[in-house]
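Student: Sharing entry.csv here; it has CSV, C-alpha atoms.
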chain,number,residue,atom,x,y,z
Q,1,MET,CA,20.6,45.8,63.9
Q,2,SER,CA,21.5,45.8,60.2
Q,3,LYS,CA,20.7,48.8,58.1
Q,4,ALA,CA,17.9,46.8,56.4
Q,5,PRO,CA,16.2,44.9,59.2
Q,6,LEU,CA,15.2,41.3,58.8
Q,7,LEU,CA,11.6,42.0,60.0
Q,8,SER,CA,9.3,44.9,59.5
Q,9,TYR,CA,6.3,44.8,61.9
Q,10,ILE,CA,3.3,46.5,60.4
Q,11,VAL,CA,1.0,48.0,63.1
Q,12,LEU,CA,-2.2,49.8,62.0
Q,13,SER,CA,-3.8,52.0,64.6
Q,14,TYR,CA,-7.0,53.9,64.9
Q,15,ASN,CA,-8.2,54.9,68.3
Q,16,TYR,CA,-6.5,52.0,70.1
Q,17,GLU,CA,-4.9,54.0,72.9
Q,18,ARG,CA,-6.1,51.3,75.3
Q,19,TYR,CA,-4.4,48.5,73.5
Q,20,ILE,CA,-1.5,49.6,71.4
Q,21,GLY,CA,1.0,49.7,74.2
Q,22,LYS,CA,0.7,46.0,74.9
Q,23,THR,CA,0.9,45.3,71.2
Q,24,LEU,CA,4.2,47.2,70.8
Q,25,GLN,CA,5.6,45.7,74.0
Q,26,SER,CA,4.9,42.1,72.7
Q,27,ILE,CA,7.1,43.0,69.6
Q,28,LEU,CA,9.9,44.5,71.7
Q,29,ASP,CA,9.9,41.3,73.8
Q,30,GLN,CA,10.6,39.0,70.8
Q,31,THR,CA,13.5,36.6,70.9
Q,32,VAL,CA,14.5,37.9,67.4
Q,33,GLN,CA,15.5,41.5,67.8
Q,34,ASP,CA,16.5,42.4,64.2
Q,35,PHE,CA,13.4,44.4,63.3
Q,36,GLU,CA,11.7,47.7,62.8
Q,37,ILE,CA,8.1,48.6,63.7
Q,38,VAL,CA,6.2,50.6,61.2
Q,39,VAL,CA,3.1,52.2,62.9
Q,40,VAL,CA,0.6,53.9,60.7
Q,41,ASP,CA,-2.0,55.9,62.7
Q,42,ASP,CA,-5.2,56.6,60.7
Q,43,ARG,CA,-5.8,60.0,62.2
Q,44,SER,CA,-6.8,58.8,65.7
Q,45,SER,CA,-8.9,61.1,67.9
Q,46,ASP,CA,-7.7,59.5,71.2
Q,47,GLY,CA,-4.3,59.4,72.7
Q,48,SER,CA,-2.9,56.6,70.5
Q,49,VAL,CA,-0.1,58.7,69.0
Q,50,ALA,CA,1.0,59.8,72.5
Q,51,VAL,CA,1.3,56.2,73.6
Q,52,VAL,CA,3.5,55.3,70.6
Q,53,SER,CA,5.6,58.4,70.9
Q,54,ALA,CA,6.3,57.7,74.6
Q,55,ILE,CA,8.1,54.5,73.8
Q,56,ALA,CA,11.8,55.4,73.5
Q,57,ASP,CA,13.0,52.9,70.9
Q,58,PRO,CA,14.5,54.1,67.6
Q,59,ARG,CA,13.2,51.0,65.8
Q,60,ILE,CA,9.7,52.4,66.0
Q,61,ARG,CA,8.8,54.5,63.0
Q,62,LEU,CA,5.5,56.4,63.4
Q,63,PHE,CA,3.5,57.7,60.4
Q,64,ILE,CA,0.3,59.7,60.8
Q,65,ASN,CA,-2.2,60.0,58.0
Q,66,GLU,CA,-3.2,63.5,57.1
Q,67,LYS,CA,-6.8,62.3,57.0
Q,68,ASN,CA,-8.6,59.0,57.8
Q,69,LEU,CA,-7.9,56.6,54.9
Q,70,GLY,CA,-9.2,53.3,56.2
Q,71,GLY,CA,-7.4,50.1,56.9
Q,72,ALA,CA,-6.5,49.0,53.3
Q,73,ALA,CA,-4.9,52.4,52.4
Q,74,SER,CA,-3.1,52.6,55.7
Q,75,TYR,CA,-1.8,49.1,55.2
Q,76,ASN,CA,-0.5,50.0,51.7
Q,77,ARG,CA,1.3,53.0,53.2
Q,78,ALA,CA,3.0,50.8,55.8
Q,79,VAL,CA,4.1,48.2,53.2
Q,80,GLN,CA,5.6,51.0,51.0
Q,81,GLU,CA,7.5,52.4,54.1
Q,82,ALA,CA,8.7,49.0,55.3
Q,83,ARG,CA,12.4,48.0,54.7
Q,84,GLY,CA,12.5,44.5,56.0
Q,85,GLU,CA,12.9,41.1,54.3
Q,86,TRP,CA,9.7,39.9,55.9
Q,87,LEU,CA,6.6,42.0,56.6
Q,88,VAL,CA,5.0,40.9,59.9
Q,89,ASN,CA,1.3,41.9,60.4
Q,90,LEU,CA,-0.1,42.8,63.8
Q,91,ASP,CA,-3.2,44.7,64.5
Q,92,ALA,CA,-2.9,47.4,67.2
Q,93,ASP,CA,-5.3,45.6,69.5
Q,94,ASP,CA,-3.6,42.1,69.3
Q,95,TRP,CA,-0.4,40.8,70.7
Q,96,ILE,CA,2.1,37.9,70.1
Q,97,ASP,CA,4.1,35.2,71.9
Q,98,PRO,CA,7.8,36.2,72.4
Q,99,ARG,CA,8.9,33.2,70.3
Q,100,LYS,CA,6.6,33.9,67.4
Q,101,ALA,CA,9.1,35.3,64.9
Q,102,GLU,CA,11.8,32.8,65.9
Q,103,ILE,CA,9.5,29.8,65.2
Q,104,GLN,CA,8.1,31.3,61.9
Q,105,LEU,CA,11.6,32.0,60.7
Q,106,ARG,CA,12.8,28.5,61.5
Q,107,LEU,CA,9.9,27.1,59.3
Q,108,ALA,CA,11.0,29.5,56.5
Q,109,SER,CA,14.5,28.2,56.7
Q,110,GLU,CA,13.3,24.7,56.5
Q,111,ASP,CA,11.2,25.4,53.4
Q,112,PRO,CA,12.6,28.4,51.4
Q,113,ARG,CA,9.6,28.2,49.0
Q,114,LEU,CA,7.3,29.7,51.6
Q,115,ASP,CA,6.0,33.3,51.1
Q,116,VAL,CA,3.2,33.6,53.7
Q,117,ILE,CA,3.5,32.0,57.2
Q,118,GLY,CA,0.7,32.2,59.8
Q,119,THR,CA,0.1,30.7,63.2
Q,120,TYR,CA,-2.7,29.3,65.2
Q,121,VAL,CA,-4.4,31.9,67.4
Q,122,ALA,CA,-6.0,32.3,70.8
Q,123,PHE,CA,-9.0,34.5,71.4
Q,124,HIS,CA,-9.3,37.1,74.2
Q,125,ASP,CA,-11.8,39.7,75.2
Q,126,GLU,CA,-11.4,43.5,75.5
Q,127,ASN,CA,-10.1,43.0,79.1
Q,128,ASP,CA,-7.3,40.6,78.1
Q,129,ALA,CA,-9.2,37.6,79.6
Q,130,ARG,CA,-9.7,34.5,77.6
Q,131,HIS,CA,-12.9,35.0,75.5
Q,132,ALA,CA,-16.0,33.2,76.7
Q,133,SER,CA,-16.3,31.5,73.3
Q,134,ALA,CA,-12.6,30.9,72.8
Q,135,ARG,CA,-12.6,27.1,72.9
Q,136,ALA,CA,-15.4,26.8,70.3
Q,137,LEU,CA,-13.8,29.4,68.1
Q,138,GLU,CA,-10.3,28.0,68.3
Q,139,GLU,CA,-11.6,24.5,67.5
Q,140,ILE,CA,-12.9,26.0,64.2
Q,141,VAL,CA,-10.0,28.2,63.3
Q,142,ASN,CA,-7.0,26.2,64.5
Q,143,GLN,CA,-7.3,23.3,62.0
Q,144,PRO,CA,-4.6,21.9,59.6
Q,145,HIS,CA,-6.0,23.5,56.4
Q,146,ASP,CA,-3.9,23.2,53.3
Q,147,LEU,CA,-3.9,26.9,52.2
Q,148,ASN,CA,-2.2,26.0,48.9
Q,149,LEU,CA,-5.4,24.3,47.6
Q,150,VAL,CA,-8.1,26.3,45.7
Q,151,ASP,CA,-11.0,24.6,47.6
Q,152,THR,CA,-9.6,25.7,50.9
Q,153,TRP,CA,-10.4,29.3,50.0
Q,154,ILE,CA,-14.0,28.9,48.7
Q,155,GLY,CA,-16.2,31.1,50.9
Q,156,ALA,CA,-13.6,31.0,53.8
Q,157,ASN,CA,-10.5,32.7,55.1
Q,158,HIS,CA,-8.6,30.4,57.5
Q,159,LEU,CA,-5.6,32.7,57.7
Q,160,CYS,CA,-5.6,35.3,60.5
Q,161,ARG,CA,-3.8,38.4,59.1
Q,162,SER,CA,-2.4,39.4,62.6
Q,163,SER,CA,-0.6,36.0,62.7
Q,164,THR,CA,1.2,36.3,59.3
Q,165,MET,CA,4.6,37.2,58.1
Q,166,VAL,CA,4.9,37.8,54.3
Q,167,ARG,CA,8.1,37.7,52.2
Q,168,ALA,CA,8.6,41.3,51.1
Q,169,SER,CA,9.7,40.4,47.6
Q,170,ALA,CA,6.6,38.3,47.1
Q,171,HIS,CA,4.4,41.1,48.4
Q,172,ARG,CA,5.9,43.5,45.9
Q,173,ARG,CA,5.2,41.0,43.1
Q,174,ILE,CA,1.6,40.5,44.0
Q,175,GLY,CA,0.8,44.1,44.7
Q,176,LEU,CA,-1.0,46.0,47.5
Q,177,ASP,CA,-4.5,45.9,49.0
Q,178,ASP,CA,-7.4,47.3,47.0
Q,179,PRO,CA,-8.0,50.6,49.1
Q,180,ALA,CA,-11.7,50.5,48.3
Q,181,MET,CA,-12.2,47.3,50.2
Q,182,VAL,CA,-13.3,47.3,53.8
Q,183,ARG,CA,-14.6,43.9,54.8
Q,184,ALA,CA,-12.3,41.4,53.1
Q,185,PRO,CA,-9.1,43.1,51.7
Q,186,ASP,CA,-7.0,40.4,53.4
Q,187,TYR,CA,-9.1,37.6,51.7
Q,188,GLU,CA,-8.6,39.3,48.3
Q,189,LEU,CA,-4.8,39.7,49.0
Q,190,TRP,CA,-4.4,36.0,50.0
Q,191,THR,CA,-6.3,34.6,47.1
Q,192,ARG,CA,-4.4,36.9,44.7
Q,193,ALA,CA,-1.2,35.6,46.2
Q,194,LEU,CA,-2.4,32.0,45.7
Q,195,GLN,CA,-3.2,32.7,42.1
Q,196,GLN,CA,0.2,34.2,41.5
Q,197,GLY,CA,2.1,31.2,42.9
Q,198,CYS,CA,2.8,32.1,46.5
Q,199,ARG,CA,3.1,29.2,48.9
Q,200,PHE,CA,1.5,29.2,52.4
Q,201,ALA,CA,2.1,27.5,55.7
Q,202,VAL,CA,0.7,27.8,59.2
Q,203,VAL,CA,2.6,27.0,62.4
Q,204,PRO,CA,0.2,24.8,64.5
Q,205,GLN,CA,0.9,26.7,67.7
Q,206,ARG,CA,-1.1,29.5,69.4
Q,207,LEU,CA,1.4,32.2,69.0
Q,208,THR,CA,-1.0,35.1,68.1
Q,209,PHE,CA,-3.5,36.5,70.6
Q,210,ILE,CA,-6.6,38.0,68.9
Q,211,ARG,CA,-8.8,40.5,70.8
Q,212,LEU,CA,-12.5,40.2,70.0
Q,213,HIS,CA,-14.6,43.3,70.7
Q,214,ALA,CA,-17.4,45.4,69.4
Q,215,ARG,CA,-15.2,47.4,67.0
Q,216,GLY,CA,-14.5,44.5,64.6
Q,217,VAL,CA,-15.7,45.3,61.1
Q,218,THR,CA,-15.5,41.9,59.3
Q,219,HIS,CA,-18.9,40.6,60.3
Q,220,ALA,CA,-20.7,44.0,60.8
Q,221,ASP,CA,-22.0,44.0,57.2
Q,222,PRO,CA,-22.5,40.5,55.8
Q,223,THR,CA,-23.8,41.7,52.4
Q,224,GLY,CA,-20.7,43.9,52.0
Q,225,THR,CA,-18.5,40.9,53.0
Q,226,LEU,CA,-20.3,38.7,50.4
Q,227,LEU,CA,-19.6,41.3,47.6
Q,228,GLU,CA,-16.0,41.7,48.5
Q,229,MET,CA,-15.4,37.9,48.8
Q,230,SER,CA,-17.3,37.4,45.5
Q,231,TYR,CA,-15.1,39.9,43.8
Q,232,ALA,CA,-12.0,38.1,45.1
Q,233,THR,CA,-13.4,34.8,44.0
Q,234,LEU,CA,-14.1,36.0,40.5
Q,235,ARG,CA,-10.8,37.8,40.1
Q,236,ASN,CA,-8.5,35.2,41.6
Q,237,LEU,CA,-10.0,31.8,42.4
Q,238,VAL,CA,-12.1,31.2,39.2
Q,239,PRO,CA,-9.1,31.8,36.8
Q,240,LEU,CA,-6.8,29.7,39.0
Q,241,ALA,CA,-9.4,26.8,39.1
Q,242,GLU,CA,-9.7,27.0,35.3
Q,243,ALA,CA,-6.0,27.0,34.8
Q,244,ARG,CA,-5.8,23.8,37.0
Q,245,ALA,CA,-8.8,22.2,35.3
Q,246,LEU,CA,-10.7,22.1,38.6
Q,247,LEU,CA,-14.3,22.3,37.2
Q,248,PRO,CA,-15.9,21.0,40.4
Q,249,SER,CA,-14.2,23.8,42.3
Q,250,ILE,CA,-15.9,26.4,40.1
Q,251,ASN,CA,-19.2,24.6,40.7
Q,252,ARG,CA,-18.6,25.0,44.5
Q,253,MET,CA,-17.8,28.7,44.1
Q,254,VAL,CA,-21.0,29.4,42.2
Q,255,ALA,CA,-23.0,27.3,44.7
Q,256,TRP,CA,-21.4,29.2,47.6
Q,257,VAL,CA,-22.6,32.6,46.2
Q,258,GLY,CA,-25.9,31.2,45.0
Q,259,ARG,CA,-26.8,29.8,48.4
Q,260,HIS,CA,-25.3,32.5,50.6
Q,261,PRO,CA,-27.9,33.9,53.0
Q,262,SER,CA,-27.0,37.5,52.2
Q,263,LEU,CA,-27.6,37.1,48.5
Q,264,SER,CA,-31.3,37.8,49.1
Q,265,ALA,CA,-30.4,41.2,50.6
Q,266,LEU,CA,-29.4,42.4,47.2
Q,267,PRO,CA,-32.0,43.7,44.7
Q,268,PRO,CA,-33.0,40.7,42.6
Q,269,ILE,CA,-31.4,41.9,39.4
Q,270,GLN,CA,-28.1,42.5,41.2
Q,271,ALA,CA,-28.3,39.0,42.8
Q,272,HIS,CA,-28.8,37.5,39.3
Q,273,ARG,CA,-26.0,39.6,37.8
Q,274,LEU,CA,-23.6,38.5,40.5
Q,275,VAL,CA,-24.2,34.9,39.8
Q,276,GLY,CA,-24.1,35.6,36.1
Q,277,MET,CA,-20.7,37.3,36.5
Q,278,LEU,CA,-19.3,34.1,38.1
Q,279,MET,CA,-20.6,32.1,35.2
Q,280,GLN,CA,-19.2,34.4,32.4
Q,281,SER,CA,-16.3,36.2,34.1
Q,282,PRO,CA,-16.7,39.6,32.3
Q,283,SER,CA,-13.6,41.8,32.1
Q,284,MET,CA,-13.3,44.1,35.1
Q,285,GLY,CA,-10.6,46.0,37.0
Q,286,ASP,CA,-10.6,46.9,40.7
Q,287,PHE,CA,-13.4,46.5,43.3
Q,288,PRO,CA,-15.2,49.8,42.5
Q,289,HIS,CA,-15.3,48.7,38.8
Q,290,PHE,CA,-16.8,45.4,40.0
Q,291,LYS,CA,-19.5,47.2,42.0
Q,292,ALA,CA,-20.3,49.5,39.1
Q,293,LEU,CA,-20.6,46.6,36.7
Q,294,LEU,CA,-22.9,44.8,39.2
Q,295,ALA,CA,-25.2,47.8,39.5
Q,296,ASP,CA,-25.5,48.8,35.8
Q,297,PRO,CA,-28.1,46.6,34.1
Q,298,THR,CA,-27.1,48.0,30.7
Q,299,ALA,CA,-23.6,46.7,30.9
Q,300,HIS,CA,-23.5,43.1,29.8
Q,301,PRO,CA,-27.3,42.8,30.1
Q,302,GLU,CA,-27.2,39.0,29.5
Q,303,LEU,CA,-25.6,38.5,33.0
Q,304,ALA,CA,-29.0,38.7,34.7
Q,305,ALA,CA,-30.6,36.0,32.6
Q,306,VAL,CA,-27.5,33.8,32.9
Q,307,GLY,CA,-27.5,34.2,36.7
Q,308,GLN,CA,-31.3,33.6,37.0
Q,309,ARG,CA,-31.1,30.4,35.0
Q,310,THR,CA,-28.1,29.2,37.0
Q,311,LEU,CA,-29.9,29.7,40.3
Q,312,THR,CA,-32.6,27.2,39.0
Q,313,PHE,CA,-29.9,24.5,39.3
Q,314,MET,CA,-29.2,25.3,43.0
Q,315,GLY,CA,-32.2,23.5,44.5
Q,316,PRO,CA,-31.0,20.1,45.9
Q,317,SER,CA,-34.3,18.5,44.9
Q,318,THR,CA,-34.1,19.6,41.3
Q,319,GLU,CA,-33.5,16.7,39.0
Q,320,ALA,CA,-31.4,18.7,36.5
Q,321,TYR,CA,-29.2,19.9,39.4
Q,322,GLN,CA,-28.7,16.3,40.5
Q,323,LEU,CA,-27.6,15.3,37.0
Q,324,VAL,CA,-25.1,18.2,36.8
Q,325,GLU,CA,-23.9,17.2,40.3
Q,326,LYS,CA,-23.3,13.6,39.2
Q,327,LEU,CA,-21.5,14.8,36.1
Q,328,LEU,CA,-19.2,17.0,38.1
Q,329,ASN,CA,-18.6,14.2,40.6
Q,330,ASP,CA,-17.6,12.0,37.7
Q,331,ILE,CA,-15.2,14.7,36.4
Q,332,LYS,CA,-13.7,15.1,39.9
Q,333,ALA,CA,-13.2,11.3,40.1
Q,334,TYR,CA,-11.5,11.3,36.7
Q,335,ILE,CA,-9.2,14.2,37.7
Q,336,GLU,CA,-8.3,12.4,40.9
Q,337,ALA,CA,-7.6,9.1,39.0
Q,338,ARG,CA,-5.5,11.0,36.5
Q,339,GLU,CA,-3.4,12.6,39.2
Q,340,TYR,CA,-3.0,9.2,41.0
Q,341,PHE,CA,-1.7,7.4,37.9
Q,342,ARG,CA,0.5,10.4,37.0
Q,343,THR,CA,2.1,10.2,40.5
Q,344,GLN,CA,2.4,6.4,40.3
Q,345,SER,CA,4.0,6.7,36.9
Q,346,GLU,CA,6.6,9.2,38.2
Q,347,ASN,CA,7.3,6.9,41.2
Q,348,TRP,CA,7.8,3.8,38.9
Q,349,GLU,CA,10.1,5.8,36.7
Q,350,ARG,CA,12.2,6.9,39.7
Q,351,GLN,CA,12.4,3.4,41.0
Q,352,TYR,CA,13.4,2.1,37.5
Q,353,ARG,CA,16.2,4.6,37.2
Q,354,ALA,CA,17.4,3.9,40.7
Q,355,LEU,CA,17.4,0.2,40.0
Q,356,ASP,CA,19.1,0.7,36.7
Q,357,ALA,CA,21.8,2.8,38.4
Q,358,ALA,CA,22.2,0.1,41.1
Q,359,ILE,CA,22.7,-2.9,38.9
Q,360,GLY,CA,25.2,-1.2,36.6
Q,361,PRO,CA,26.9,-2.8,33.6
Q,362,LEU,CA,27.0,-6.3,35.2
Q,363,GLY,CA,23.2,-6.4,35.7
Q,364,ARG,CA,22.7,-5.3,32.1
Q,365,ARG,CA,25.0,-8.1,30.9
Q,366,LEU,CA,23.1,-10.6,32.9
Q,367,ALA,CA,19.8,-9.3,31.6
Q,368,ALA,CA,21.1,-9.9,28.0
Q,369,ILE,CA,21.5,-13.7,28.7
Q,370,PRO,CA,18.9,-15.6,26.6
Q,371,ARG,CA,16.0,-17.0,28.5
Q,372,ARG,CA,16.8,-20.6,27.5
Q,373,ALA,CA,20.3,-20.3,29.1
Q,374,TRP,CA,18.8,-18.9,32.3
Q,375,SER,CA,16.4,-21.9,32.4
Q,376,ARG,CA,19.3,-24.4,32.1
Q,377,LEU,CA,21.2,-22.6,34.8
Q,378,VAL,CA,18.1,-22.7,37.2
Q,379,ARG,CA,17.6,-26.4,36.5
Q,380,SER,CA,21.2,-27.2,37.2
Q,381,LEU,CA,21.1,-25.3,40.5
Q,382,THR,CA,17.9,-27.0,41.7
Q,383,LYS,CA,18.9,-30.6,41.0
As a first step, turn the structure in this file into structure tokens.

Tutor:
Amino acid sequence: MSKAPLLSYIVLSYNYERYIGKTLQSILDQTVQDFEIVVVDDRSSDGSVAVVSAIADPRIRLFINEKNLGGAASYNRAVQEARGEWLVNLDADDWIDPRKAEIQLRLASEDPRLDVIGTYVAFHDENDARHASARALEEIVNQPHDLNLVDTWIGANHLCRSSTMVRASAHRRIGLDDPAMVRAPDYELWTRALQQGCRFAVVPQRLTFIRLHARGVTHADPTGTLLEMSYATLRNLVPLAEARALLPSINRMVAWVGRHPSLSALPPIQAHRLVGMLMQSPSMGDFPHFKALLADPTAHPELAAVGQRTLTFMGPSTEAYQLVEKLLNDIKAYIEAREYFRTQSENWERQYRALDAAIGPLGRRLAAIPRRAWSRLVRSLTK
């Protein structure tokens, strides 16, 4: 193995004594062996550390937090400790196919622009058996989504973090997780990467095995998830959509928040302010600053009124909403037509240049012959 490994596997562990051995073995069984494994244990109270320490492989680097920091802070520590060219994510209760790294690296060599590469996934239960709902879940998740489009990310995260490898140089450029986020730090990271120009791809093969069990946190607090995804949308997707002149996309972002079932769980003034923030994009910093701004009615007090009025346009039977929807559809059609004719113009220009290069000086001389002379020549040849 080279001094700086090609791959740095990032394994975050918290009380996963039962699973982490299989996770690490699936890495050790990879067909690509140029790697290190960075394990960050978030102060487990079970025997997780003992399981990791018992594996006699010098490529495993174990870091134990002095106190429980949470997933995002543990991830940031792992990223800072990693030395590889690619950072490969794998939760301590999941495992991977032996060919996963090989197949992802092959795709990276075919397209050097790629910064984030995921895979399709398979779902299993806590006993390693195929999950009872695996077929239905995989039909939803394993779809050919274009992750380089803004609309793909509106209200949805189609990229499983345990399936991803991220170019380390790109990760350093976009920054670390927000340590205050619990429910959707990966969604915020991916949308930030999209805003800052990273390119995504997904291998359409089930190379990552996800374990579904009661300890999962993403869906345990739907209101918390809504707030974290709204923050990521406001911070990353709205500015990107504006930069790309995608006004219909901004409409869909506001509609996603305005119609979200968990919006009603917020106090009414906070629900109104949240929608108002999407409409006005007030200056804000990290996620705690976002929450503080949301909860403080004296900061930008106009947000509540803006949000309340915006919500009146959300009813599908409202005539004003239908007029706005028609206007936005017209704008979308204009943008699509503009992009179509721009592409056609570029194709025509390429074809002209290719033809001009092909006919050369002789063709240009023939083209200079007066039309009348050409007519006489054609008549003489057709007699």

Student: Could you list, as a ChimeraX atom specification, every residue within 7 Å of segment 229-241 of chain Q, counting all atoms listed in the file and ignoring same-chain residues fewer than 2 positions away?

Tutor: /Q:150,184,187-188,191-192,195,225-227,243-247,249-250,278,281,287,290

Student: Skip Arg167 of chain Q itself and residues of its chain fewer than 3 positions away, then list as a PyMOL selection string all residues within 7 Å of it, counting only C-alpha atoms.

Tutor: chain Q and resi 85-87+115-116+170-171

Student: Find the spatial neighbours of segment 205-211 of chain Q, counting only C-alpha atoms, within a cut-off of 6 Å - ignore same-chain residues fewer than 4 positions away - and output them as an mmCIF file with C-alpha atoms, keeping the file's coordinate frame.

Tutor:
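The resulting file, selection-v4.cif, is reproduced below:
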data_model
loop_
_atom_site.group_PDB
_atom_site.id
_atom_site.type_symbol
_atom_site.label_atom_id
_atom_site.label_comp_id
_atom_site.auth_asym_id
_atom_site.auth_seq_id
_atom_site.Cartn_x
_atom_site.Cartn_y
_atom_site.Cartn_z
ATOM 1 C CA ASP Q 94 -3.600 42.100 69.300
ATOM 2 C CA TRP Q 95 -0.400 40.800 70.700
ATOM 3 C CA ILE Q 96 2.100 37.900 70.100
ATOM 4 C CA ASP Q 97 4.100 35.200 71.900
ATOM 5 C CA LYS Q 100 6.600 33.900 67.400
ATOM 6 C CA TYR Q 120 -2.700 29.300 65.200
ATOM 7 C CA VAL Q 121 -4.400 31.900 67.400
ATOM 8 C CA ALA Q 122 -6.000 32.300 70.800
ATOM 9 C CA PHE Q 123 -9.000 34.500 71.400
ATOM 10 C CA HIS Q 124 -9.300 37.100 74.200
ATOM 11 C CA ASP Q 125 -11.800 39.700 75.200
ATOM 12 C CA SER Q 163 -0.600 36.000 62.700
#

Student: Mind checking which residues fall within 12 Å of Leu303 of chain Q, counting only C-alpha atoms, ignoring those fewer than 3 positions away in the same chain, and posting them as a list of chain:residue names?

Tutor: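 Neighbouring residues, sequence-local ones excluded: Q:Ile269, Q:Gln270, Q:Ala271, Q:His272, Q:Arg273, Q:Leu274, Q:Val275, Q:Gly276, Q:Met277, Q:Leu278, Q:Met279, Q:Gln280, Q:Ser281, Q:Pro282, Q:Leu293, Q:Leu294, Q:Ala295, Q:Asp296, Q:Pro297, Q:Thr298, Q:Ala299, Q:His300, Q:Val306, Q:Gly307, Q:Gln308, Q:Arg309, Q:Thr310.
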
Student: For each of Q:Lys3, Q:Arg61, Q:Arg99, Q:Arg113, take the minimum atom-to-atom distance to Val32 of chain Q, counting only C-alpha atoms, then give the residue where this is smallest.

Tutor: Q:Arg99

Student: Of the candidates Q:Leu6, Q:Ile37, Q:Leu355, Q:Leu107, which shows the shortest atom-to-atom distance to Val203 of chain Q, using all atoms listed in the file?

Tutor: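 Result for the nearest residue to Val203 of chain Q: Q:Leu107.
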
Student: Please identify all polymer residues within 10 Å of Arg259 of chain Q, counting all atoms listed in the file, omitting same-chain residues fewer than 4 positions from it, and present them as an MDAnalysis selection string.

Tutor: chainID Q and resid 254:255 263:264 311 314:315

Student: Taking into account all atoms listed in the file, which residue in the set Q:Leu159, Q:Ser74, Q:Tyr9, Q:Val39 is nearest to Leu62 of chain Q?

Tutor: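 Residue with the minimum atom-to-atom distance to Leu62 of chain Q: Q:Val39.
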
Student: Quick one, how far is atom CA of Leu137 of chain Q from atom CA of Ala220 of chain Q?

Tutor: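 Calculated distance between atom CA of Leu137 of chain Q and atom CA of Ala220 of chain Q is 17.7 Å.
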
Student: Rounded to one decimal, what separation in Å do you get between atom CA of Gly224 of chain Q and atom CA of Ala168 of chain Q?

Tutor: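 Pair atom CA of Gly224 of chain Q / atom CA of Ala168 of chain Q returns 29.4 Å.
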
Student: Within 9 Å of (-1.1, 47.9, 62.6) in the file's own coordinates, which protein, DNA or RNA residues have an atom, counting all atoms listed in the file? List them as a list in words.

Tutor: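 Looking at atoms near the point gives Tyr9, Ile10, Val11, Leu12, Ser13, Tyr14, Ile20, Val38, Val39, Val40, Asp41, Gly71, Ser74, Tyr75, Ala78, Asn89, Leu90, Asp91, Ala92, Asp93 and Ser162 of chain Q.
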
Student: Store the residues picked out above, limited to C-alpha atoms, as a CSV table (one decimal), keeping the file's coordinate frame.

Tutor:
chain,number,residue,atom,x,y,z
Q,9,TYR,CA,6.3,44.8,61.9
Q,10,ILE,CA,3.3,46.5,60.4
Q,11,VAL,CA,1.0,48.0,63.1
Q,12,LEU,CA,-2.2,49.8,62.0
Q,13,SER,CA,-3.8,52.0,64.6
Q,14,TYR,CA,-7.0,53.9,64.9
Q,20,ILE,CA,-1.5,49.6,71.4
Q,38,VAL,CA,6.2,50.6,61.2
Q,39,VAL,CA,3.1,52.2,62.9
Q,40,VAL,CA,0.6,53.9,60.7
Q,41,ASP,CA,-2.0,55.9,62.7
Q,71,GLY,CA,-7.4,50.1,56.9
Q,74,SER,CA,-3.1,52.6,55.7
Q,75,TYR,CA,-1.8,49.1,55.2
Q,78,ALA,CA,3.0,50.8,55.8
Q,89,ASN,CA,1.3,41.9,60.4
Q,90,LEU,CA,-0.1,42.8,63.8
Q,91,ASP,CA,-3.2,44.7,64.5
Q,92,ALA,CA,-2.9,47.4,67.2
Q,93,ASP,CA,-5.3,45.6,69.5
Q,162,SER,CA,-2.4,39.4,62.6

Student: Quick one: of Q:Val202, Q:Lys22, Q:Asp177, Q:Pro370, who's nearest to Asp128 of chain Q, counting only C-alpha atoms?

Tutor: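 Selected residue with least distance to Asp128 of chain Q: Q:Lys22.
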
Student: Quick one: of Q:Trp153, Q:His213, Q:Asp178, Q:Arg183, who's nearest to Ala132 of chain Q, counting all atoms listed in the file?

Tutor: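 Answer, going by the shortest atom-to-atom distance: Q:His213.
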
Student: With only C-alpha atoms as the atoms that count, which of Q:Asn15, Q:Gln351, Q:Asn251, Q:Ser169 lies nearest to Asp46 of chain Q?

Tutor: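 Between Q:Asn15, Q:Gln351, Q:Asn251, Q:Ser169, the residue approaching Asp46 of chain Q most closely is Q:Asn15.
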